[in-house]
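K.L.:
My structure is stored as upload30.cif, with mmCIF, C-alpha atoms.
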data_target
#
loop_
_atom_site.label_atom_id
_atom_site.label_comp_id
_atom_site.auth_asym_id
_atom_site.auth_seq_id
_atom_site.Cartn_x
_atom_site.Cartn_y
_atom_site.Cartn_z
CA MET A 24 110.68 125.11 69.67
CA THR A 25 113.30 122.37 70.08
CA GLU A 26 114.73 122.08 73.60
CA LYS A 27 118.42 122.92 73.66
CA LYS A 28 120.59 120.04 74.81
CA PRO A 29 123.09 120.70 77.63
CA THR A 30 126.77 120.96 76.71
CA THR A 31 128.19 120.33 80.19
CA PHE A 32 127.94 117.33 82.50
CA SER A 33 129.61 116.75 85.87
CA THR A 34 129.49 113.99 88.46
CA LYS A 35 131.68 112.18 91.00
CA ILE A 36 133.26 108.82 90.11
CA ASP A 37 135.68 106.43 91.79
CA ILE A 38 139.21 107.43 90.80
CA TYR A 39 140.14 103.76 90.32
CA LEU A 40 138.45 104.18 86.93
CA ALA A 41 141.08 106.75 85.88
CA ASP A 42 143.51 104.32 84.22
CA LYS A 43 140.75 102.64 82.24
CA MET A 44 139.34 105.99 81.14
CA GLN A 45 142.71 107.35 80.03
CA GLN A 46 143.39 104.28 77.87
CA ASP A 47 139.86 104.34 76.45
CA LEU A 48 140.13 108.03 75.58
CA LEU A 49 143.53 107.59 73.96
CA ASP A 50 142.00 104.80 71.85
CA GLN A 51 139.22 107.23 70.88
CA GLY A 52 141.72 109.83 69.65
CA PHE A 53 141.79 112.22 72.59
CA ASP A 54 144.92 114.18 73.51
CA ILE A 55 145.79 113.71 77.21
CA THR A 56 147.36 116.37 79.46
CA ARG A 57 147.67 116.61 83.24
CA PRO A 58 146.99 120.15 84.51
CA ASN A 59 147.31 120.92 88.23
CA TYR A 60 144.71 119.26 90.48
CA THR A 61 143.65 116.84 87.75
CA ILE A 62 144.34 113.17 87.14
CA PHE A 63 143.98 113.90 83.43
CA SER A 64 142.35 116.23 80.94
CA ALA A 65 141.39 114.75 77.57
CA LYS A 66 140.47 116.83 74.52
CA LYS A 67 139.54 116.43 70.90
CA PRO A 68 137.47 118.62 68.56
CA GLY A 69 134.03 119.28 70.04
CA LEU A 70 134.69 117.56 73.36
CA SER A 71 136.72 117.72 76.57
CA CYS A 72 136.76 115.31 79.51
CA THR A 73 138.54 116.19 82.77
CA LEU A 74 138.91 114.03 85.86
CA TYR A 75 140.00 115.91 88.98
CA GLU A 76 141.93 114.49 91.93
CA SER A 77 138.74 114.81 93.99
CA GLY A 78 137.00 112.34 91.67
CA LYS A 79 134.91 115.03 89.98
CA LEU A 80 134.41 114.30 86.28
CA VAL A 81 133.52 117.19 83.95
CA VAL A 82 132.55 116.60 80.31
CA GLN A 83 131.97 119.56 77.98
CA GLY A 84 131.41 120.28 74.30
CA LYS A 85 128.96 120.18 71.43
CA ASN A 86 129.44 116.40 71.07
CA LEU A 87 128.61 115.78 74.74
CA HIS A 88 125.33 113.91 74.21
CA GLU A 89 126.75 111.25 71.89
CA PHE A 90 129.83 110.77 74.12
CA MET A 91 127.61 110.35 77.19
CA GLU A 92 125.25 107.90 75.47
CA PHE A 93 127.85 105.63 73.91
CA TYR A 94 130.74 105.78 76.40
CA ILE A 95 130.31 107.52 79.78
CA GLU A 96 126.93 106.04 80.66
CA PRO A 97 127.42 102.40 79.57
CA TYR A 98 131.09 101.99 80.52
CA ILE A 99 131.73 104.40 83.42
CA LEU A 100 128.48 105.32 85.18
CA LYS A 101 126.43 102.20 84.35
CA ASP A 102 123.50 104.63 84.47
CA PHE A 103 121.52 106.02 81.52
CA SER A 104 119.55 108.77 83.25
CA PHE A 105 121.35 111.63 81.45
CA THR A 106 120.44 110.61 77.90
CA HIS A 107 117.29 108.64 78.70
CA GLU A 108 115.75 110.63 81.52
CA THR A 109 112.35 109.31 82.59
CA PRO A 110 109.61 111.33 84.33
CA LEU A 111 110.17 111.33 88.08
CA ASP A 112 107.74 109.08 89.95
CA ASN A 113 106.67 110.98 93.08
CA SER A 114 104.35 108.27 94.40
CA PRO A 115 104.83 107.10 98.02
CA ARG A 116 107.08 104.07 98.19
CA ILE A 117 109.69 102.19 100.19
CA GLY A 118 112.94 101.19 98.47
CA SER A 119 115.19 98.46 99.86
CA ASP A 120 118.70 97.31 98.91
CA GLU A 121 121.65 95.46 100.44
CA ALA A 122 125.44 95.69 100.69
CA GLY A 123 128.14 93.24 101.76
CA LYS A 124 126.69 90.02 100.35
CA GLY A 125 129.67 89.54 98.02
CA ASP A 126 132.27 90.65 100.55
CA PHE A 127 134.16 87.96 102.46
CA PHE A 128 134.95 90.27 105.38
CA GLY A 129 132.49 92.55 107.13
CA PRO A 130 128.76 92.64 107.80
CA LEU A 131 125.72 92.08 105.61
CA CYS A 132 123.63 95.25 105.58
CA VAL A 133 120.11 95.95 104.32
CA ALA A 134 118.52 99.40 104.30
CA ALA A 135 115.00 100.54 103.44
CA VAL A 136 114.03 104.18 102.81
CA PHE A 137 110.61 105.86 102.46
CA ALA A 138 109.90 108.88 100.25
CA GLU A 139 106.95 110.55 98.54
CA GLY A 140 106.21 113.75 96.62
CA ASP A 141 108.77 116.48 97.20
CA MET A 142 110.87 114.02 99.22
CA VAL A 143 111.55 112.10 95.99
CA LYS A 144 112.58 115.34 94.28
CA ARG A 145 114.86 116.08 97.22
CA LEU A 146 116.66 112.74 96.76
CA LYS A 147 117.35 113.62 93.13
CA LYS A 148 118.47 117.13 94.05
CA ILE A 149 121.10 116.01 96.56
CA GLY A 150 122.58 113.61 94.00
CA VAL A 151 121.23 110.22 95.06
CA ARG A 152 121.87 107.44 92.54
CA ASP A 153 123.08 103.84 92.60
CA SER A 154 125.92 103.65 95.14
CA LYS A 155 128.03 101.34 92.94
CA GLY A 156 129.34 104.34 91.02
CA MET A 157 130.37 106.30 94.13
CA ASN A 158 133.42 106.36 96.35
CA ASP A 159 133.13 105.82 100.11
CA LYS A 160 133.48 109.52 100.93
CA LYS A 161 130.53 110.46 98.71
CA ILE A 162 128.42 107.60 100.06
CA ILE A 163 128.98 108.67 103.67
CA GLU A 164 128.22 112.31 102.78
CA LEU A 165 124.91 111.43 101.10
CA ALA A 166 123.99 108.91 103.79
CA LYS A 167 124.13 111.63 106.45
CA SER A 168 121.51 113.65 104.55
CA ILE A 169 119.30 110.62 103.94
CA GLU A 170 119.43 109.52 107.58
CA LYS A 171 118.61 113.04 108.75
CA GLU A 172 115.76 113.79 106.34
CA PHE A 173 114.05 110.51 105.41
CA PRO A 174 112.33 107.70 107.34
CA HIS A 175 114.55 104.63 107.10
CA HIS A 176 115.44 101.37 108.76
CA ILE A 177 118.76 99.53 108.62
CA VAL A 178 119.46 95.87 109.39
CA LYS A 179 123.14 95.26 110.07
CA ILE A 180 124.25 91.65 110.55
CA ASN A 181 127.81 91.39 111.84
CA PRO A 182 129.83 88.30 110.83
CA SER A 183 129.30 86.41 114.11
CA LYS A 184 125.50 86.79 113.85
CA TYR A 185 125.61 86.27 110.08
CA ASN A 186 127.29 82.88 110.47
CA GLU A 187 124.76 81.87 113.10
CA LEU A 188 121.83 82.89 110.87
CA TYR A 189 123.35 81.29 107.78
CA ALA A 190 123.50 77.98 109.64
CA LYS A 191 119.80 78.41 110.42
CA PHE A 192 118.67 79.47 106.94
CA SER A 193 121.30 77.35 105.10
CA ASN A 194 120.91 79.65 102.09
CA LEU A 195 122.08 83.23 101.49
CA ASN A 196 118.95 84.21 99.55
CA ASN A 197 116.68 83.12 102.40
CA LEU A 198 118.81 85.11 104.84
CA LEU A 199 118.68 88.15 102.56
CA ALA A 200 114.91 87.88 102.23
CA TRP A 201 114.55 87.77 106.02
CA ALA A 202 116.74 90.89 106.40
CA HIS A 203 114.87 92.79 103.68
CA SER A 204 111.50 91.91 105.16
CA ALA A 205 112.63 93.07 108.61
CA ALA A 206 113.80 96.46 107.29
CA ILE A 207 110.70 96.88 105.13
CA MET A 208 108.16 95.97 107.80
CA ASN A 209 109.64 98.45 110.25
CA LEU A 210 109.05 101.20 107.69
CA VAL A 211 105.59 99.94 106.75
CA ASP A 212 104.62 100.13 110.41
CA GLU A 213 106.15 103.62 110.74
CA THR A 214 104.82 105.20 107.54
CA GLY A 215 101.78 103.16 106.52
CA CYS A 216 103.20 102.93 102.99
CA GLU A 217 102.23 99.72 101.20
CA LYS A 218 104.23 100.07 97.96
CA VAL A 219 107.68 98.46 98.19
CA ILE A 220 110.43 98.16 95.57
CA VAL A 221 113.28 95.71 96.14
CA ASP A 222 116.39 95.10 94.06
CA GLN A 223 115.71 91.50 92.98
CA PHE A 224 118.36 89.09 94.26
CA ALA A 225 116.62 85.72 93.77
CA ALA A 226 113.51 84.11 92.31
CA GLU A 227 110.46 86.20 93.26
CA PHE A 228 108.96 83.50 95.47
CA VAL A 229 111.89 83.78 97.92
CA MET A 230 111.01 87.35 98.89
CA ASP A 231 107.27 86.68 98.58
CA ARG A 232 107.62 83.84 101.08
CA ALA A 233 109.53 86.03 103.55
CA MET A 234 106.82 88.70 103.39
CA LYS A 235 103.89 86.28 103.48
CA GLY A 236 101.37 87.01 106.21
CA LYS A 237 103.16 90.11 107.47
CA HIS A 238 100.94 92.71 105.81
CA PRO A 239 98.27 91.59 103.32
CA GLY A 240 98.00 94.98 101.58
CA ILE A 241 101.63 95.32 100.51
CA GLU A 242 102.40 95.76 96.80
CA LEU A 243 105.84 94.17 96.48
CA ILE A 244 107.75 94.99 93.30
CA GLN A 245 110.96 93.05 92.64
CA ARG A 246 113.14 93.96 89.70
CA HIS A 247 116.73 93.79 88.52
CA ARG A 248 118.63 97.10 88.56
CA ALA A 249 116.02 98.52 90.92
CA GLU A 250 118.69 101.01 92.07
CA GLU A 251 117.67 103.04 89.01
CA ASP A 252 114.71 104.08 91.19
CA VAL A 253 115.97 106.95 93.34
CA VAL A 254 114.31 105.64 96.52
CA VAL A 255 115.94 102.22 96.12
CA ALA A 256 119.20 104.05 95.37
CA ALA A 257 118.83 105.84 98.71
CA GLY A 258 118.52 102.43 100.37
CA SER A 259 121.64 101.23 98.54
CA ILE A 260 123.58 104.25 99.84
CA LEU A 261 122.54 103.65 103.47
CA ALA A 262 123.34 99.94 103.18
CA ARG A 263 126.74 100.66 101.65
CA LYS A 264 127.57 103.30 104.27
CA THR A 265 126.69 100.85 107.03
CA PHE A 266 128.91 98.20 105.45
CA VAL A 267 131.85 100.60 104.97
CA GLU A 268 131.66 101.71 108.59
CA GLY A 269 131.17 98.12 109.78
CA ILE A 270 134.23 96.68 108.04
CA ALA A 271 136.30 99.66 109.24
CA ALA A 272 135.16 99.04 112.83
CA LEU A 273 136.22 95.39 112.60
CA GLY A 274 139.60 96.49 111.30
CA LYS A 275 140.03 98.88 114.20
CA GLN A 276 139.05 96.16 116.68
CA TYR A 277 141.72 93.77 115.40
CA GLY A 278 144.33 96.30 114.30
CA MET A 279 144.07 95.23 110.66
CA THR A 280 142.69 96.53 107.37
CA PHE A 281 140.14 94.11 105.93
CA PRO A 282 139.75 94.33 102.13
CA LYS A 283 136.37 94.54 100.44
CA GLY A 284 135.22 91.96 97.93
CA GLY A 285 136.34 88.36 97.70
CA GLY A 286 139.56 88.48 95.70
CA LYS A 287 143.15 87.40 96.24
CA GLN A 288 143.85 90.06 98.85
CA THR A 289 141.25 88.54 101.17
CA LEU A 290 143.28 85.32 101.23
CA GLU A 291 146.48 87.13 102.18
CA VAL A 292 144.79 89.12 104.93
CA GLY A 293 142.85 86.06 106.08
CA ARG A 294 146.03 84.02 106.52
CA GLU A 295 147.64 86.87 108.45
CA PHE A 296 144.53 87.07 110.65
CA VAL A 297 144.62 83.33 111.40
CA SER A 298 148.32 83.48 112.26
CA ARG A 299 147.64 86.28 114.73
CA PHE A 300 144.27 85.34 116.23
CA GLY A 301 143.62 81.68 115.34
CA ALA A 302 141.22 79.98 112.93
CA GLU A 303 138.29 79.97 115.35
CA GLU A 304 138.27 83.78 115.44
CA LEU A 305 137.51 83.93 111.69
CA SER A 306 133.80 83.62 112.48
CA GLN A 307 133.95 87.09 114.06
CA VAL A 308 135.18 88.88 110.94
CA CYS A 309 134.14 86.93 107.83
CA LYS A 310 131.37 84.93 106.17
CA LEU A 311 132.41 81.34 106.78
CA HIS A 312 130.50 79.73 103.90
CA PHE A 313 132.65 81.55 101.31
CA LYS A 314 135.23 79.34 99.57
CA ASN A 315 137.84 81.86 100.70
CA ARG A 316 137.75 80.32 104.16
CA ASP A 317 138.85 76.89 102.91
CA ALA A 318 141.62 78.47 100.83
CA ILE A 319 142.87 80.39 103.87
CA LEU A 320 142.97 77.28 106.05
CA GLN A 321 144.71 75.01 103.51
#
Translate this structure into structure tokens?

P.N.:
Amino acid sequence: MTEKKPTTFSTKIDIYLADKMQQDLLDQGFDITRPNYTIFSAKKPGLSCTLYESGKLVVQGKNLHEFMEFYIEPYILKDFSFTHETPLDNSPRIGSDEAGKGDFFGPLCVAAVFAEGDMVKRLKKIGVRDSKGMNDKKIIELAKSIEKEFPHHIVKINPSKYNELYAKFSNLNNLLAWAHSAAIMNLVDETGCEKVIVDQFAAEFVMDRAMKGKHPGIELIQRHRAEEDVVVAAGSILARKTFVEGIAALGKQYGMTFPKGGGKQTLEVGREFVSRFGAEELSQVCKLHFKNRDAILQ
């Protein structure tokens, strides 16, 4: 007997994607309306797609599977687990990921999480997936559950310490490898788990070198898009939550709102910061090796 395919899908997305989605759906022949409590509701024969003000996205209809495979997954979620679901790996493992490395302001954060057996199923059940497709509210909500229920270790490097360590390592990848190895080894010591999956951020030898001699039995797996593994995704959520809270704390300390990322807004805020607190104080809030610093001080 052929398994019946689902006709409904729902998830949470960042509402900044709303404008892009509306234009895409218009181009695909959808009719757009705006019922109460929605950003938009799009319909065409065999399919409806509604984005609520909360960020909840609901897709329904007999043509759901094709729409998910060729639009929602590749262009909105960047995740193919709905149409290409793989058997869940319940083996014991540690997953490690980072946040903040591309952000001019705020800390660099690395988080490692351990799970096995039913713990892995629990991560899937509570909605853990790659944090890049989530808003801050959802990340913080999931992080609370992960921190409460799963062994984990977080390395948070505030800008002042980051700049000191960067001067020592003289390379971001070496600094990242050191932070990952610190988070991982704390969990190895706590759990005895020797299988580790890391989202690959450099040539494999960089991480291998950082782990060398620390635990001879470790099986270290480095791969791109490792956040597709639910345990690595849990690490990405904890790292992102730590970054979000860290940049907010810096903002509160200085009475400013520091933007994420490294775009034009960072230059505007950086110049305002220098005018208020002086150029020397930049080392307390940003990563000095970014080109943004030179642009701010011109």

K.L.:
Do you know which residues the PyMOL selection byres ((chain A and resi 35-41) around 7) returns on this file, as a short mmCIF file (atom, residue, chain, number, x, y, z; two decimals) with C-alpha atoms, in the coordinates of the input?

P.N.:
data_model
loop_
_atom_site.label_atom_id
_atom_site.label_comp_id
_atom_site.auth_asym_id
_atom_site.auth_seq_id
_atom_site.Cartn_x
_atom_site.Cartn_y
_atom_site.Cartn_z
CA THR A 34 129.49 113.99 88.46
CA ASP A 42 143.51 104.32 84.22
CA LYS A 43 140.75 102.64 82.24
CA MET A 44 139.34 105.99 81.14
CA GLN A 45 142.71 107.35 80.03
CA GLY A 78 137.00 112.34 91.67
CA LYS A 79 134.91 115.03 89.98
CA LEU A 80 134.41 114.30 86.28
CA GLY A 156 129.34 104.34 91.02
CA MET A 157 130.37 106.30 94.13
CA ASN A 158 133.42 106.36 96.35
#

K.L.:
With a distance cut-off of 12 Å and all atoms listed in the file, select the neighbouring residues of A:Val229, excluding the residue or stretch itself and same-chain residues fewer than 6 positions from it, and output the selection as a ChimeraX atom specification.

P.N.:
/A:194-201,203-204,223,235,245

K.L.:
Specify as an NGL selection string each residue included when the PyMOL selection byres ((chain A and resi 68) around 12) is applied to this file.

P.N.:
:A and (51-54 or 65-67 or 69-72 or 83-87)

K.L.:
Atom CA of A:Arg152 and atom CA of A:Cys216, how far apart in Å?

P.N.:
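Separation between atom CA of A:Cys216 and atom CA of A:Arg152: 21.9 Å.
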
K.L.:
Give me the residues within 9 Å of A:Lys155 as a PDB file with C-alpha atoms, keeping the file's coordinate frame, counting only C-alpha atoms and dropping any in the same chain fewer than 3 places off.

P.N.:
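For reference, part34.pdb as written:
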ATOM      1  CA  LEU A 100     128.480 105.320  85.180  1.00  0.00           C
ATOM      2  CA  LYS A 101     126.430 102.200  84.350  1.00  0.00           C
ATOM      3  CA  ARG A 152     121.870 107.440  92.540  1.00  0.00           C
ATOM      4  CA  ASN A 158     133.420 106.360  96.350  1.00  0.00           C
ATOM      5  CA  SER A 259     121.640 101.230  98.540  1.00  0.00           C
ATOM      6  CA  ILE A 260     123.580 104.250  99.840  1.00  0.00           C
ATOM      7  CA  ARG A 263     126.740 100.660 101.650  1.00  0.00           C
TER       8      ARG A 263
END

K.L.:
For the provided coordinates, the residues matched by the PyMOL selection byres ((chain A and resi 289-298) around 8) should be stated as a PyMOL selection string.

P.N.:
chain A and resi 127-128+281-288+299-302+304-305+315-316+318-320

K.L.:
Mind giving me the straight-line distance from atom CA of A:Asp231 to atom CA of A:Lys218 in Å, one decimal?

P.N.:
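Those two atoms sit 13.7 Å apart.
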
K.L.:
Hey, can you check how far atom CA of A:Gly118 sits from atom CA of A:Arg232?

P.N.:
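Rounded to one decimal, the two atoms are 18.3 Å apart.
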
K.L.:
Go through A:Ile62, A:Asp47, A:Asp222, A:Gly150 one by one, measure the shortest atom-to-atom distance of each to A:Tyr98 using only C-alpha atoms, and give the residue with the smallest value.

P.N.:
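Among A:Ile62, A:Asp47, A:Asp222, A:Gly150, it is A:Asp47 that comes nearest to A:Tyr98.
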